[in-house]
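target-v9.csv follows (CSV, N, CA and C atoms):
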```
chain,number,residue,atom,x,y,z
A,1,MET,N,-24.6,128.0,4.8
A,1,MET,CA,-23.5,128.1,4.0
A,1,MET,C,-22.4,128.9,4.8
A,2,GLU,N,-21.2,128.4,4.8
A,2,GLU,CA,-20.1,129.0,5.5
A,2,GLU,C,-19.7,130.3,4.9
A,3,LYS,N,-19.2,131.2,5.8
A,3,LYS,CA,-18.8,132.6,5.3
A,3,LYS,C,-17.7,132.5,4.3
A,4,GLU,N,-16.7,131.6,4.4
A,4,GLU,CA,-15.6,131.4,3.4
A,4,GLU,C,-16.2,131.0,2.1
A,5,GLN,N,-17.2,130.1,2.1
A,5,GLN,CA,-17.8,129.7,0.8
A,5,GLN,C,-18.5,130.8,0.2
A,6,ILE,N,-19.2,131.6,1.0
A,6,ILE,CA,-19.9,132.8,0.4
A,6,ILE,C,-18.9,133.8,-0.2
A,7,LYS,N,-17.8,134.0,0.5
A,7,LYS,CA,-16.8,134.9,0.0
A,7,LYS,C,-16.2,134.4,-1.4
A,8,GLU,N,-16.0,133.1,-1.4
A,8,GLU,CA,-15.5,132.5,-2.7
A,8,GLU,C,-16.4,132.7,-3.8
A,9,LEU,N,-17.7,132.5,-3.6
A,9,LEU,CA,-18.7,132.7,-4.6
A,9,LEU,C,-18.7,134.2,-5.1
A,10,ILE,N,-18.6,135.1,-4.1
A,10,ILE,CA,-18.6,136.5,-4.4
A,10,ILE,C,-17.4,136.8,-5.3
A,11,MET,N,-16.2,136.4,-4.9
A,11,MET,CA,-15.0,136.6,-5.7
A,11,MET,C,-15.1,136.1,-7.1
A,12,GLN,N,-15.6,134.9,-7.2
A,12,GLN,CA,-15.8,134.3,-8.5
A,12,GLN,C,-16.7,135.1,-9.4
A,13,ALA,N,-17.8,135.5,-8.8
A,13,ALA,CA,-18.8,136.3,-9.6
A,13,ALA,C,-18.2,137.6,-10.0
A,14,ILE,N,-17.5,138.3,-9.1
A,14,ILE,CA,-16.8,139.5,-9.4
A,14,ILE,C,-15.8,139.3,-10.6
A,15,GLY,N,-15.1,138.2,-10.5
A,15,GLY,CA,-14.1,137.8,-11.6
A,15,GLY,C,-14.7,137.7,-12.9
A,16,GLN,N,-16.0,137.4,-13.0
A,16,GLN,CA,-16.7,137.3,-14.3
A,16,GLN,C,-17.0,138.6,-14.9
A,17,LEU,N,-17.0,139.7,-14.2
A,17,LEU,CA,-17.3,141.0,-14.8
A,17,LEU,C,-16.4,141.3,-15.9
A,18,GLN,N,-15.1,140.9,-15.9
A,18,GLN,CA,-14.2,141.1,-16.9
A,18,GLN,C,-14.5,140.5,-18.3
A,19,TYR,N,-15.4,139.5,-18.2
A,19,TYR,CA,-15.7,138.8,-19.5
A,19,TYR,C,-17.1,139.3,-20.0
A,20,SER,N,-17.8,140.1,-19.3
A,20,SER,CA,-19.1,140.6,-19.7
A,20,SER,C,-19.0,141.3,-21.0
A,21,TYR,N,-20.0,141.0,-21.9
A,21,TYR,CA,-20.1,141.7,-23.2
A,21,TYR,C,-21.3,142.6,-23.1
A,22,ALA,N,-21.1,143.8,-22.7
A,22,ALA,CA,-22.2,144.8,-22.5
A,22,ALA,C,-22.0,146.1,-23.2
A,23,PRO,N,-21.8,146.1,-24.6
A,23,PRO,CA,-21.5,147.3,-25.3
A,23,PRO,C,-22.7,148.3,-25.3
A,24,TYR,N,-23.9,147.8,-25.1
A,24,TYR,CA,-25.1,148.7,-25.2
A,24,TYR,C,-25.5,149.3,-23.9
A,25,SER,N,-25.7,148.5,-22.9
A,25,SER,CA,-26.1,149.0,-21.6
A,25,SER,C,-24.9,149.4,-20.7
A,26,LYS,N,-23.8,148.9,-21.0
A,26,LYS,CA,-22.6,149.1,-20.2
A,26,LYS,C,-22.7,148.6,-18.7
A,27,PHE,N,-23.8,147.8,-18.5
A,27,PHE,CA,-24.1,147.2,-17.2
A,27,PHE,C,-23.5,145.8,-17.2
A,28,ARG,N,-22.4,145.6,-16.5
A,28,ARG,CA,-21.7,144.3,-16.5
A,28,ARG,C,-22.2,143.5,-15.3
A,29,VAL,N,-22.5,142.2,-15.6
A,29,VAL,CA,-23.0,141.3,-14.5
A,29,VAL,C,-22.1,140.0,-14.5
A,30,GLY,N,-21.8,139.6,-13.3
A,30,GLY,CA,-21.2,138.3,-13.2
A,30,GLY,C,-21.9,137.4,-12.2
A,31,ALA,N,-21.8,136.1,-12.4
A,31,ALA,CA,-22.5,135.1,-11.5
A,31,ALA,C,-21.6,133.9,-11.3
A,32,ALA,N,-21.8,133.4,-10.1
A,32,ALA,CA,-21.1,132.1,-9.7
A,32,ALA,C,-22.2,131.2,-9.1
A,33,LEU,N,-22.3,130.1,-9.7
A,33,LEU,CA,-23.4,129.1,-9.3
A,33,LEU,C,-22.7,127.9,-8.7
A,34,LEU,N,-23.2,127.5,-7.5
A,34,LEU,CA,-22.7,126.4,-6.8
A,34,LEU,C,-23.7,125.2,-6.9
A,35,ALA,N,-23.2,124.1,-7.5
A,35,ALA,CA,-24.0,122.9,-7.7
A,35,ALA,C,-23.9,122.1,-6.4
A,36,ARG,N,-24.9,121.3,-6.1
A,36,ARG,CA,-24.8,120.4,-4.9
A,36,ARG,C,-23.7,119.5,-5.0
A,37,SER,N,-23.1,119.2,-6.2
A,37,SER,CA,-22.0,118.3,-6.3
A,37,SER,C,-20.7,119.0,-5.8
A,38,GLY,N,-20.8,120.3,-5.5
A,38,GLY,CA,-19.6,121.1,-5.1
A,38,GLY,C,-18.9,121.8,-6.2
A,39,LYS,N,-19.3,121.5,-7.4
A,39,LYS,CA,-18.7,122.2,-8.6
A,39,LYS,C,-19.2,123.6,-8.7
A,40,LEU,N,-18.4,124.5,-9.2
A,40,LEU,CA,-18.7,125.9,-9.4
A,40,LEU,C,-18.8,126.2,-10.9
A,41,TYR,N,-19.8,126.9,-11.3
A,41,TYR,CA,-20.0,127.3,-12.7
A,41,TYR,C,-20.2,128.8,-12.7
A,42,THR,N,-19.5,129.5,-13.6
A,42,THR,CA,-19.6,130.9,-13.7
A,42,THR,C,-20.2,131.4,-14.9
A,43,GLY,N,-20.7,132.7,-14.9
A,43,GLY,CA,-21.3,133.2,-16.1
A,43,GLY,C,-21.2,134.7,-16.1
A,44,CYS,N,-21.3,135.3,-17.3
A,44,CYS,CA,-21.4,136.8,-17.4
A,44,CYS,C,-22.6,137.1,-18.4
A,45,ASN,N,-23.0,138.4,-18.4
A,45,ASN,CA,-24.0,138.7,-19.3
A,45,ASN,C,-23.4,138.9,-20.7
A,46,ILE,N,-24.2,138.6,-21.7
A,46,ILE,CA,-23.8,138.7,-23.1
A,46,ILE,C,-24.9,139.4,-23.9
A,47,GLU,N,-24.6,140.6,-24.2
A,47,GLU,CA,-25.7,141.4,-24.9
A,47,GLU,C,-25.6,141.2,-26.4
A,48,ASN,N,-26.7,141.6,-27.0
A,48,ASN,CA,-26.9,141.5,-28.5
A,48,ASN,C,-27.6,142.7,-29.0
A,49,ALA,N,-27.2,143.2,-30.2
A,49,ALA,CA,-27.7,144.4,-30.7
A,49,ALA,C,-29.3,144.3,-30.9
A,50,ALA,N,-29.8,143.1,-31.1
A,50,ALA,CA,-31.2,142.9,-31.2
A,50,ALA,C,-31.9,142.8,-29.9
A,51,TYR,N,-31.2,142.9,-28.8
A,51,TYR,CA,-31.7,142.9,-27.4
A,51,TYR,C,-32.3,141.6,-26.9
A,52,THR,N,-33.3,141.1,-27.6
A,52,THR,CA,-33.9,139.8,-27.2
A,52,THR,C,-33.0,138.7,-27.0
A,53,PRO,N,-32.0,138.5,-27.9
A,53,PRO,CA,-31.1,137.4,-27.7
A,53,PRO,C,-30.0,137.5,-26.6
A,54,THR,N,-30.1,138.7,-25.9
A,54,THR,CA,-29.2,138.9,-24.8
A,54,THR,C,-29.4,137.8,-23.7
A,55,ASN,N,-28.3,137.4,-23.1
A,55,ASN,CA,-28.3,136.4,-22.1
A,55,ASN,C,-27.7,136.9,-20.8
A,56,CYS,N,-28.4,136.7,-19.7
A,56,CYS,CA,-28.0,137.2,-18.4
A,56,CYS,C,-26.9,136.3,-17.8
A,57,ALA,N,-26.1,136.8,-16.9
A,57,ALA,CA,-25.0,136.1,-16.3
A,57,ALA,C,-25.5,134.8,-15.6
A,58,GLU,N,-26.7,135.0,-14.9
A,58,GLU,CA,-27.2,133.8,-14.2
A,58,GLU,C,-27.6,132.7,-15.1
A,59,ARG,N,-28.2,133.0,-16.2
A,59,ARG,CA,-28.6,131.9,-17.1
A,59,ARG,C,-27.4,131.3,-17.8
A,60,THR,N,-26.4,132.2,-18.1
A,60,THR,CA,-25.1,131.7,-18.7
A,60,THR,C,-24.6,130.6,-17.7
A,61,ALA,N,-24.5,130.9,-16.4
A,61,ALA,CA,-23.9,129.9,-15.5
A,61,ALA,C,-24.8,128.7,-15.4
A,62,PHE,N,-26.1,128.8,-15.3
A,62,PHE,CA,-27.0,127.7,-15.3
A,62,PHE,C,-26.9,126.8,-16.5
A,63,PHE,N,-26.9,127.4,-17.7
A,63,PHE,CA,-26.9,126.7,-18.9
A,63,PHE,C,-25.5,125.9,-19.1
A,64,LYS,N,-24.4,126.5,-18.6
A,64,LYS,CA,-23.1,125.8,-18.6
A,64,LYS,C,-23.2,124.6,-17.8
A,65,ALA,N,-23.8,124.7,-16.6
A,65,ALA,CA,-23.9,123.6,-15.6
A,65,ALA,C,-24.8,122.5,-16.2
A,66,ILE,N,-26.0,122.9,-16.7
A,66,ILE,CA,-26.9,122.0,-17.1
A,66,ILE,C,-26.4,121.2,-18.4
A,67,SER,N,-25.7,121.9,-19.2
A,67,SER,CA,-25.1,121.3,-20.4
A,67,SER,C,-24.1,120.2,-20.2
A,68,VAL,N,-23.6,120.1,-18.9
A,68,VAL,CA,-22.7,119.1,-18.6
A,68,VAL,C,-23.3,118.1,-17.6
A,69,GLY,N,-24.6,118.2,-17.4
A,69,GLY,CA,-25.3,117.2,-16.6
A,69,GLY,C,-25.7,117.6,-15.2
A,70,GLU,N,-25.3,118.7,-14.7
A,70,GLU,CA,-25.8,119.2,-13.4
A,70,GLU,C,-27.3,119.4,-13.4
A,71,ARG,N,-27.9,119.0,-12.3
A,71,ARG,CA,-29.4,119.3,-12.2
A,71,ARG,C,-29.8,119.8,-10.8
A,72,GLU,N,-28.8,119.8,-9.9
A,72,GLU,CA,-29.2,120.2,-8.5
A,72,GLU,C,-28.2,121.3,-8.1
A,73,PHE,N,-28.8,122.4,-7.5
A,73,PHE,CA,-28.0,123.5,-7.2
A,73,PHE,C,-28.3,124.0,-5.7
A,74,SER,N,-27.2,124.6,-5.1
A,74,SER,CA,-27.3,125.1,-3.8
A,74,SER,C,-27.5,126.6,-3.7
A,75,ALA,N,-26.7,127.3,-4.5
A,75,ALA,CA,-26.6,128.8,-4.4
A,75,ALA,C,-26.1,129.4,-5.6
A,76,ILE,N,-26.4,130.7,-5.8
A,76,ILE,CA,-25.8,131.5,-6.8
A,76,ILE,C,-25.5,132.9,-6.2
A,77,CYS,N,-24.4,133.5,-6.7
A,77,CYS,CA,-24.0,134.8,-6.3
A,77,CYS,C,-24.1,135.7,-7.6
A,78,VAL,N,-24.7,136.8,-7.5
A,78,VAL,CA,-24.9,137.7,-8.6
A,78,VAL,C,-24.3,139.1,-8.2
A,79,VAL,N,-23.5,139.6,-9.1
A,79,VAL,CA,-23.0,141.0,-8.9
A,79,VAL,C,-23.1,141.8,-10.2
A,80,GLY,N,-23.2,143.1,-10.1
A,80,GLY,CA,-23.3,143.8,-11.4
A,80,GLY,C,-23.3,145.3,-11.1
A,81,GLY,N,-23.0,146.1,-12.2
A,81,GLY,CA,-23.0,147.5,-12.1
A,81,GLY,C,-22.6,148.1,-13.4
A,82,ARG,N,-22.9,149.4,-13.5
A,82,ARG,CA,-22.5,150.1,-14.7
A,82,ARG,C,-21.0,150.2,-14.8
A,83,ASP,N,-20.5,149.8,-16.0
A,83,ASP,CA,-19.1,149.7,-16.2
A,83,ASP,C,-18.4,148.8,-15.2
A,84,GLY,N,-19.1,147.9,-14.6
A,84,GLY,CA,-18.6,146.9,-13.7
A,84,GLY,C,-18.3,147.4,-12.3
A,85,ILE,N,-18.8,148.6,-12.0
A,85,ILE,CA,-18.6,149.2,-10.7
A,85,ILE,C,-19.7,148.8,-9.8
A,86,LEU,N,-19.5,148.1,-8.8
A,86,LEU,CA,-20.5,147.6,-7.9
A,86,LEU,C,-20.9,148.6,-6.9
A,87,THR,N,-22.1,149.2,-7.1
A,87,THR,CA,-22.5,150.2,-6.2
A,87,THR,C,-23.8,149.8,-5.4
A,88,GLU,N,-24.6,148.9,-6.0
A,88,GLU,CA,-25.8,148.4,-5.4
A,88,GLU,C,-26.0,147.0,-5.9
A,89,TYR,N,-26.9,146.3,-5.2
A,89,TYR,CA,-27.2,144.9,-5.5
A,89,TYR,C,-27.9,144.8,-6.9
A,90,ALA,N,-27.5,143.7,-7.6
A,90,ALA,CA,-28.1,143.5,-9.0
A,90,ALA,C,-28.9,142.2,-8.9
A,91,ALA,N,-30.2,142.3,-8.6
A,91,ALA,CA,-31.0,141.1,-8.4
A,91,ALA,C,-31.3,140.5,-9.8
A,92,PRO,N,-31.5,139.1,-9.8
A,92,PRO,CA,-31.9,138.4,-11.0
A,92,PRO,C,-33.2,138.9,-11.6
A,93,CYS,N,-33.2,139.0,-12.9
A,93,CYS,CA,-34.5,139.4,-13.6
A,93,CYS,C,-35.5,138.3,-13.5
A,94,GLY,N,-36.7,138.5,-13.9
A,94,GLY,CA,-37.8,137.6,-13.9
A,94,GLY,C,-37.5,136.3,-14.7
A,95,VAL,N,-36.9,136.4,-15.8
A,95,VAL,CA,-36.6,135.2,-16.7
A,95,VAL,C,-35.6,134.4,-15.9
A,96,CYS,N,-34.6,135.0,-15.3
A,96,CYS,CA,-33.6,134.2,-14.6
A,96,CYS,C,-34.2,133.5,-13.4
A,97,ARG,N,-35.1,134.2,-12.7
A,97,ARG,CA,-35.8,133.6,-11.6
A,97,ARG,C,-36.6,132.4,-12.0
A,98,GLN,N,-37.2,132.5,-13.2
A,98,GLN,CA,-38.0,131.4,-13.7
A,98,GLN,C,-37.1,130.2,-14.0
A,99,VAL,N,-35.9,130.4,-14.6
A,99,VAL,CA,-35.0,129.3,-14.8
A,99,VAL,C,-34.6,128.7,-13.5
A,100,MET,N,-34.4,129.5,-12.5
A,100,MET,CA,-34.0,128.9,-11.2
A,100,MET,C,-35.2,128.1,-10.7
A,101,MET,N,-36.4,128.5,-10.9
A,101,MET,CA,-37.6,127.7,-10.4
A,101,MET,C,-37.6,126.3,-11.1
A,102,GLU,N,-37.1,126.2,-12.3
A,102,GLU,CA,-37.1,124.9,-13.0
A,102,GLU,C,-36.1,123.9,-12.3
A,103,PHE,N,-35.0,124.4,-11.8
A,103,PHE,CA,-34.0,123.5,-11.3
A,103,PHE,C,-33.7,123.6,-9.8
A,104,CYS,N,-34.3,124.5,-9.1
A,104,CYS,CA,-34.0,124.7,-7.7
A,104,CYS,C,-35.2,124.6,-6.7
A,105,ASP,N,-34.9,124.1,-5.6
A,105,ASP,CA,-36.0,124.2,-4.5
A,105,ASP,C,-36.1,125.6,-4.0
A,106,PRO,N,-37.2,126.3,-4.2
A,106,PRO,CA,-37.3,127.7,-3.9
A,106,PRO,C,-37.2,128.0,-2.4
A,107,ASP,N,-37.4,127.0,-1.6
A,107,ASP,CA,-37.3,127.2,-0.1
A,107,ASP,C,-35.8,127.0,0.4
A,108,ILE,N,-35.0,126.4,-0.4
A,108,ILE,CA,-33.6,126.1,0.0
A,108,ILE,C,-32.6,126.8,-0.8
A,109,PHE,N,-32.8,127.0,-2.1
A,109,PHE,CA,-31.8,127.6,-3.0
A,109,PHE,C,-31.5,129.0,-2.5
A,110,GLN,N,-30.3,129.4,-2.4
A,110,GLN,CA,-29.9,130.7,-1.9
A,110,GLN,C,-29.3,131.6,-3.0
A,111,ILE,N,-29.8,132.9,-3.0
A,111,ILE,CA,-29.3,133.9,-3.9
A,111,ILE,C,-28.6,134.9,-3.2
A,112,ILE,N,-27.3,135.0,-3.5
A,112,ILE,CA,-26.4,136.0,-2.8
A,112,ILE,C,-26.3,137.2,-3.7
A,113,LEU,N,-26.7,138.4,-3.2
A,113,LEU,CA,-26.5,139.6,-3.9
A,113,LEU,C,-25.4,140.4,-3.2
A,114,ALA,N,-24.4,140.8,-3.9
A,114,ALA,CA,-23.2,141.4,-3.3
A,114,ALA,C,-22.7,142.6,-4.0
A,115,THR,N,-22.0,143.5,-3.3
A,115,THR,CA,-21.2,144.5,-3.9
A,115,THR,C,-19.7,144.4,-3.4
A,116,GLY,N,-19.5,143.3,-2.7
A,116,GLY,CA,-18.1,143.0,-2.2
A,116,GLY,C,-18.2,141.9,-1.2
A,117,THR,N,-17.0,141.4,-0.8
A,117,THR,CA,-17.0,140.2,0.0
A,117,THR,C,-17.5,140.5,1.5
A,118,GLU,N,-17.6,141.7,1.8
A,118,GLU,CA,-18.1,142.1,3.2
A,118,GLU,C,-19.5,142.7,3.1
A,119,GLN,N,-20.0,143.0,1.9
A,119,GLN,CA,-21.3,143.6,1.7
A,119,GLN,C,-22.2,142.7,0.8
A,120,TYR,N,-23.0,142.0,1.5
A,120,TYR,CA,-23.9,141.1,0.7
A,120,TYR,C,-25.2,140.8,1.6
A,121,GLU,N,-26.2,140.3,0.9
A,121,GLU,CA,-27.4,139.8,1.5
A,121,GLU,C,-27.7,138.5,0.8
A,122,ILE,N,-28.3,137.6,1.6
A,122,ILE,CA,-28.7,136.3,1.1
A,122,ILE,C,-30.2,136.1,1.2
A,123,PHE,N,-30.8,135.7,0.1
A,123,PHE,CA,-32.3,135.5,0.0
A,123,PHE,C,-32.5,134.0,-0.5
A,124,THR,N,-33.6,133.5,-0.2
A,124,THR,CA,-34.0,132.2,-0.8
A,124,THR,C,-34.7,132.6,-2.1
A,125,LEU,N,-34.8,131.6,-3.0
A,125,LEU,CA,-35.5,131.9,-4.3
A,125,LEU,C,-37.0,132.2,-4.0
A,126,ARG,N,-37.6,131.6,-3.0
A,126,ARG,CA,-39.0,131.8,-2.6
A,126,ARG,C,-39.2,133.3,-2.2
A,127,GLU,N,-38.2,133.9,-1.5
A,127,GLU,CA,-38.3,135.3,-1.1
A,127,GLU,C,-38.3,136.2,-2.3
A,128,LEU,N,-37.6,135.8,-3.4
A,128,LEU,CA,-37.5,136.7,-4.6
A,128,LEU,C,-38.6,136.3,-5.6
A,129,MET,N,-39.2,135.2,-5.4
A,129,MET,CA,-40.2,134.7,-6.4
A,129,MET,C,-41.3,134.0,-5.6
A,130,PRO,N,-42.1,134.7,-4.8
A,130,PRO,CA,-43.0,134.1,-3.8
A,130,PRO,C,-44.1,133.3,-4.4
A,131,GLN,N,-44.5,133.6,-5.6
A,131,GLN,CA,-45.6,132.8,-6.3
A,131,GLN,C,-45.1,132.2,-7.5
A,132,GLY,N,-43.9,131.6,-7.5
A,132,GLY,CA,-43.2,131.1,-8.6
A,132,GLY,C,-43.9,129.9,-9.2
A,133,PHE,N,-43.7,129.6,-10.5
A,133,PHE,CA,-44.3,128.5,-11.2
A,133,PHE,C,-43.2,127.6,-11.5
A,134,GLY,N,-43.2,126.3,-11.1
A,134,GLY,CA,-42.2,125.4,-11.4
A,134,GLY,C,-42.7,124.0,-11.7
A,135,PRO,N,-41.8,123.0,-11.9
A,135,PRO,CA,-42.2,121.7,-12.2
A,135,PRO,C,-43.3,121.1,-11.3
A,136,GLY,N,-43.3,121.5,-10.0
A,136,GLY,CA,-44.3,121.0,-9.0
A,136,GLY,C,-45.7,121.4,-9.4
A,137,ASN,N,-45.8,122.5,-10.1
A,137,ASN,CA,-47.2,123.0,-10.5
A,137,ASN,C,-47.8,122.1,-11.6
A,138,LEU,N,-47.0,121.3,-12.2
A,138,LEU,CA,-47.5,120.4,-13.3
A,138,LEU,C,-47.6,119.0,-12.9
A,139,ALA,N,-47.3,118.7,-11.6
A,139,ALA,CA,-47.3,117.3,-11.1
A,139,ALA,C,-48.8,116.9,-10.8
```

Is it possible to give me this structure as structure tokens?
Amino acid sequence: MEKEQIKELIMQAIGQLQYSYAPYSKFRVGAALLARSGKLYTGCNIENAAYTPTNCAERTAFFKAISVGEREFSAICVVGGRDGILTEYAAPCGVCRQVMMEFCDPDIFQIILATGTEQYEIFTLRELMPQGFGPGNLA
């Protein structure tokens, strides 16, 4: 992935922080998901007073993309921090990683964790979910 494309994903993810609904944790998260088609889908975290119905930014982006027919993805950028201040990387939770396993090749799909356009690290899904369970396990 080219550096300019990475920066664009980071900026889009940061832009989603403003839409985050996080009145309980105050931890705002934004995500930008790149489909193989080249289309970009964004998401933010959406909390709920009952906690369980809370939806992470990553899943918001995936569900938006999937709901319009996308099924193949290249990369996602995730940013987050208390009150939207990016001080450290915000890695996807286990549920989000499992959703990624459903739709992404774990050896190719890239997860960009960032605190700014110049401060980021890139991981494959396999690196963050080494023993993941996906559709291939049921074949």

Might you pull out every residue within 5 Å of region 27-32 of chain A, with only N, CA and C atoms counted and same-chain residues fewer than 5 positions away left off, and present them as a ChimeraX atom specification? /A:13,16-17,41-45,76-84

Residues from last step as file, N, CA and C atoms, as a CSV table (one decimal), in the coordinates of the input:
```csv
chain,number,residue,atom,x,y,z
A,13,ALA,N,-17.8,135.5,-8.8
A,13,ALA,CA,-18.8,136.3,-9.6
A,13,ALA,C,-18.2,137.6,-10.0
A,16,GLN,N,-16.0,137.4,-13.0
A,16,GLN,CA,-16.7,137.3,-14.3
A,16,GLN,C,-17.0,138.6,-14.9
A,17,LEU,N,-17.0,139.7,-14.2
A,17,LEU,CA,-17.3,141.0,-14.8
A,17,LEU,C,-16.4,141.3,-15.9
A,41,TYR,N,-19.8,126.9,-11.3
A,41,TYR,CA,-20.0,127.3,-12.7
A,41,TYR,C,-20.2,128.8,-12.7
A,42,THR,N,-19.5,129.5,-13.6
A,42,THR,CA,-19.6,130.9,-13.7
A,42,THR,C,-20.2,131.4,-14.9
A,43,GLY,N,-20.7,132.7,-14.9
A,43,GLY,CA,-21.3,133.2,-16.1
A,43,GLY,C,-21.2,134.7,-16.1
A,44,CYS,N,-21.3,135.3,-17.3
A,44,CYS,CA,-21.4,136.8,-17.4
A,44,CYS,C,-22.6,137.1,-18.4
A,45,ASN,N,-23.0,138.4,-18.4
A,45,ASN,CA,-24.0,138.7,-19.3
A,45,ASN,C,-23.4,138.9,-20.7
A,76,ILE,N,-26.4,130.7,-5.8
A,76,ILE,CA,-25.8,131.5,-6.8
A,76,ILE,C,-25.5,132.9,-6.2
A,77,CYS,N,-24.4,133.5,-6.7
A,77,CYS,CA,-24.0,134.8,-6.3
A,77,CYS,C,-24.1,135.7,-7.6
A,78,VAL,N,-24.7,136.8,-7.5
A,78,VAL,CA,-24.9,137.7,-8.6
A,78,VAL,C,-24.3,139.1,-8.2
A,79,VAL,N,-23.5,139.6,-9.1
A,79,VAL,CA,-23.0,141.0,-8.9
A,79,VAL,C,-23.1,141.8,-10.2
A,80,GLY,N,-23.2,143.1,-10.1
A,80,GLY,CA,-23.3,143.8,-11.4
A,80,GLY,C,-23.3,145.3,-11.1
A,81,GLY,N,-23.0,146.1,-12.2
A,81,GLY,CA,-23.0,147.5,-12.1
A,81,GLY,C,-22.6,148.1,-13.4
A,82,ARG,N,-22.9,149.4,-13.5
A,82,ARG,CA,-22.5,150.1,-14.7
A,82,ARG,C,-21.0,150.2,-14.8
A,83,ASP,N,-20.5,149.8,-16.0
A,83,ASP,CA,-19.1,149.7,-16.2
A,83,ASP,C,-18.4,148.8,-15.2
A,84,GLY,N,-19.1,147.9,-14.6
A,84,GLY,CA,-18.6,146.9,-13.7
A,84,GLY,C,-18.3,147.4,-12.3
```

DSSP on the backbone: which residues in chain A end up as strand (DSSP E or B)? Give the answer as a ChimeraX atom specification. /A:21,27-35,40-44,46,55,73-82,110-116,119-124

Pick out the residues sitting within 8 Å of Glu70 (chain A), and hand them over as a list in words; count all atoms listed in the file, and ignore anything fewer than 3 positions along from it in its own chain.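 Within the cut-off, the hits are Ala35, Arg36, Ser37, Lys64, Ala65, Ile66, Ser67 and Phe73 of chain A.
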
Distance query Gln131 (chain A) at most 12 Å, only C-alpha atoms, self and fewer than 6 positions along chain excluded, as an MDAnalysis selection string: chainID A and resid 94 97:98 101 106:107 125 137

Let me see the file: selected residues, N, CA and C atoms, as a compact mmCIF listing (two decimals), in the coordinates of the input.
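Result saved to part10.txt:
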```txt
# COMPACT_ATOMS: atom_id res chain seq x y z
N GLY A 94 -36.70 138.50 -13.90
CA GLY A 94 -37.80 137.60 -13.90
C GLY A 94 -37.50 136.30 -14.70
N ARG A 97 -35.10 134.20 -12.70
CA ARG A 97 -35.80 133.60 -11.60
C ARG A 97 -36.60 132.40 -12.00
N GLN A 98 -37.20 132.50 -13.20
CA GLN A 98 -38.00 131.40 -13.70
C GLN A 98 -37.10 130.20 -14.00
N MET A 101 -36.40 128.50 -10.90
CA MET A 101 -37.60 127.70 -10.40
C MET A 101 -37.60 126.30 -11.10
N PRO A 106 -37.20 126.30 -4.20
CA PRO A 106 -37.30 127.70 -3.90
C PRO A 106 -37.20 128.00 -2.40
N ASP A 107 -37.40 127.00 -1.60
CA ASP A 107 -37.30 127.20 -0.10
C ASP A 107 -35.80 127.00 0.40
N LEU A 125 -34.80 131.60 -3.00
CA LEU A 125 -35.50 131.90 -4.30
C LEU A 125 -37.00 132.20 -4.00
N ASN A 137 -45.80 122.50 -10.10
CA ASN A 137 -47.20 123.00 -10.50
C ASN A 137 -47.80 122.10 -11.60
```

Find, counting all atoms listed in the file, the residue in A:Phe109, A:Ala61, A:Met100, A:Ser20 that gets nearest to Gly134 (chain A).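 The closest residue to Gly134 (chain A) is A:Met100.
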